[in-house]
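Quick notes on the structure that follows.
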Amino acid sequence: MYKINRFILCLIFLQLGFSFNSIKANAAYMTALDLIKFCTSNNKEQNKLCYGYIAGVIDYHNLTKSLGTAPTVNFCAPNHMKISEVTNRIIKYLRSSPQHDQFIAAPAVALALFKEFPCKMPKPTRKRK
């Protein structure tokens with residue numbers, strides 16, 4: 001329940017659109033380039049929004065999986081890792097993938113998570129004869 005509330009809160013922030021003096025996000029959506037700027041800012045409030053956005057993508061992914069809806073891009077972000085560590089990996093991916101810059105950040109974040117945290121496939125069990 002906590003994760004769903006956190007996700008809804010994140011969506012509300014994104015929907016309202018945020019404006020800061022140095023960085024302005026599009027009111028309709030956050031681009032990957034906007035997200036990079038928020039995540040790498042020296043402003044702690046912008047960093048919190050960055051972490052909230054990424055946590056919201058992860059939470060939404062986990063929600064769809066729990067409802068039995070197979071996500072198109074599946075990833076398995078580790079629960080033990082701090083959001084700042086996960087964010088660092090995502091930003092590294094986004095910086096090396098400028099094709100995402102002008103598009104909605106959420107799919108690019110999901111692709112980065114897929115690349116960084118692929119789900120381990122269960123080993124096939126052999127049937128004994």
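Ordered as shown in the structure tokens, chains take letters A, B, and onward, while each chain numbers its residues from 1 and ligands are numbered from 1 in the order shown.
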
Write down as a PDB file with C-alpha atoms, in the first residue's frame the residues of region 15-86 of chain A whose backbone DSSP state falls under alpha helix (DSSP H).
ATOM      1  CA  GLN A  15       1.149  16.217 -13.327  1.00  0.00           C
ATOM      2  CA  LEU A  16       1.291  19.599 -11.652  1.00  0.00           C
ATOM      3  CA  ALA A  32      15.055  12.178 -20.226  1.00  0.00           C
ATOM      4  CA  LEU A  33      17.154  15.329 -20.525  1.00  0.00           C
ATOM      5  CA  ASP A  34      15.032  17.045 -17.847  1.00  0.00           C
ATOM      6  CA  LEU A  35      15.520  14.040 -15.592  1.00  0.00           C
ATOM      7  CA  ILE A  36      19.292  14.104 -16.061  1.00  0.00           C
ATOM      8  CA  LYS A  37      19.304  17.781 -15.080  1.00  0.00           C
ATOM      9  CA  PHE A  38      17.185  17.150 -11.961  1.00  0.00           C
ATOM     10  CA  CYS A  39      19.270  14.164 -10.900  1.00  0.00           C
ATOM     11  CA  LYS A  44      18.476  18.772  -2.884  1.00  0.00           C
ATOM     12  CA  GLU A  45      14.808  19.398  -3.706  1.00  0.00           C
ATOM     13  CA  GLN A  46      15.442  18.659  -7.381  1.00  0.00           C
ATOM     14  CA  ASN A  47      17.344  15.514  -6.364  1.00  0.00           C
ATOM     15  CA  LYS A  48      14.351  14.385  -4.279  1.00  0.00           C
ATOM     16  CA  LEU A  49      12.072  14.863  -7.286  1.00  0.00           C
ATOM     17  CA  CYS A  50      14.509  12.846  -9.379  1.00  0.00           C
ATOM     18  CA  TYR A  51      14.532   9.995  -6.854  1.00  0.00           C
ATOM     19  CA  GLY A  52      10.749  10.148  -6.577  1.00  0.00           C
ATOM     20  CA  TYR A  53      10.347   9.942 -10.338  1.00  0.00           C
ATOM     21  CA  ILE A  54      12.607   6.896 -10.607  1.00  0.00           C
ATOM     22  CA  ALA A  55      11.014   5.255  -7.564  1.00  0.00           C
ATOM     23  CA  GLY A  56       7.622   5.872  -9.202  1.00  0.00           C
ATOM     24  CA  VAL A  57       8.714   4.065 -12.383  1.00  0.00           C
ATOM     25  CA  ILE A  58       9.961   1.133 -10.302  1.00  0.00           C
ATOM     26  CA  ASP A  59       6.822   1.082  -8.145  1.00  0.00           C
ATOM     27  CA  TYR A  60       4.530   1.198 -11.173  1.00  0.00           C
ATOM     28  CA  HIS A  61       6.474  -1.652 -12.756  1.00  0.00           C
ATOM     29  CA  ASN A  62       6.141  -3.719  -9.570  1.00  0.00           C
ATOM     30  CA  LEU A  63       2.433  -2.907  -9.385  1.00  0.00           C
ATOM     31  CA  THR A  64       1.784  -4.100 -12.940  1.00  0.00           C
ATOM     32  CA  LYS A  65       3.706  -7.301 -12.228  1.00  0.00           C
ATOM     33  CA  SER A  66       1.719  -7.911  -9.023  1.00  0.00           C
ATOM     34  CA  ILE A  83      17.678   4.776  -4.695  1.00  0.00           C
ATOM     35  CA  SER A  84      20.732   7.018  -5.116  1.00  0.00           C
ATOM     36  CA  GLU A  85      22.762   4.025  -6.361  1.00  0.00           C
ATOM     37  CA  VAL A  86      20.013   2.998  -8.755  1.00  0.00           C
TER      38      VAL A  86
END

TODO: Give me, please, the distance in Å between CA of Leu94 (chain A) and CA of Met30 (chain A), quoted to one decimal.
DONE: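 CA of Met30 (chain A) lies at a distance of 13.4 Å from CA of Leu94 (chain A).
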
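The space between CA of Ala70 (chain A) and CA of Thr31 (chain A) spans 24.7 Å.
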
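Between CA of Cys119 (chain A) and CA of Thr40 (chain A) there is a distance of 27.5 Å.
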
- [ ] Find, counting only C-alpha atoms, the residue in A:Leu67, A:Ala105, A:Cys76, A:Met81 that gets nearest to Phe117 (chain A).
- [x]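 Selected residue with least distance to Phe117 (chain A): A:Cys76.
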
TODO: Give me the residues within 10 Å of Glu116 (chain A) as number ranges by chain, counting only C-alpha atoms and dropping any in the same chain fewer than 4 places off.
DONE: A: 75-77, 86, 89-90, 93, 110-112

C-alpha atoms of the current selection, written as an mmCIF file, in the first residue's frame:
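The result, written out as selection.cif:
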data_model
loop_
_atom_site.group_PDB
_atom_site.id
_atom_site.type_symbol
_atom_site.label_atom_id
_atom_site.label_comp_id
_atom_site.auth_asym_id
_atom_site.auth_seq_id
_atom_site.Cartn_x
_atom_site.Cartn_y
_atom_site.Cartn_z
ATOM 1 C CA PHE A 75 13.560 -5.680 -14.822
ATOM 2 C CA CYS A 76 14.324 -6.782 -11.292
ATOM 3 C CA ALA A 77 15.680 -3.837 -9.312
ATOM 4 C CA VAL A 86 20.013 2.998 -8.755
ATOM 5 C CA ARG A 89 23.238 3.775 -12.943
ATOM 6 C CA ILE A 90 20.209 5.193 -14.722
ATOM 7 C CA TYR A 93 22.731 4.988 -19.140
ATOM 8 C CA ALA A 110 12.633 1.375 -17.718
ATOM 9 C CA LEU A 111 15.155 0.513 -20.451
ATOM 10 C CA ALA A 112 18.034 1.571 -18.207
#
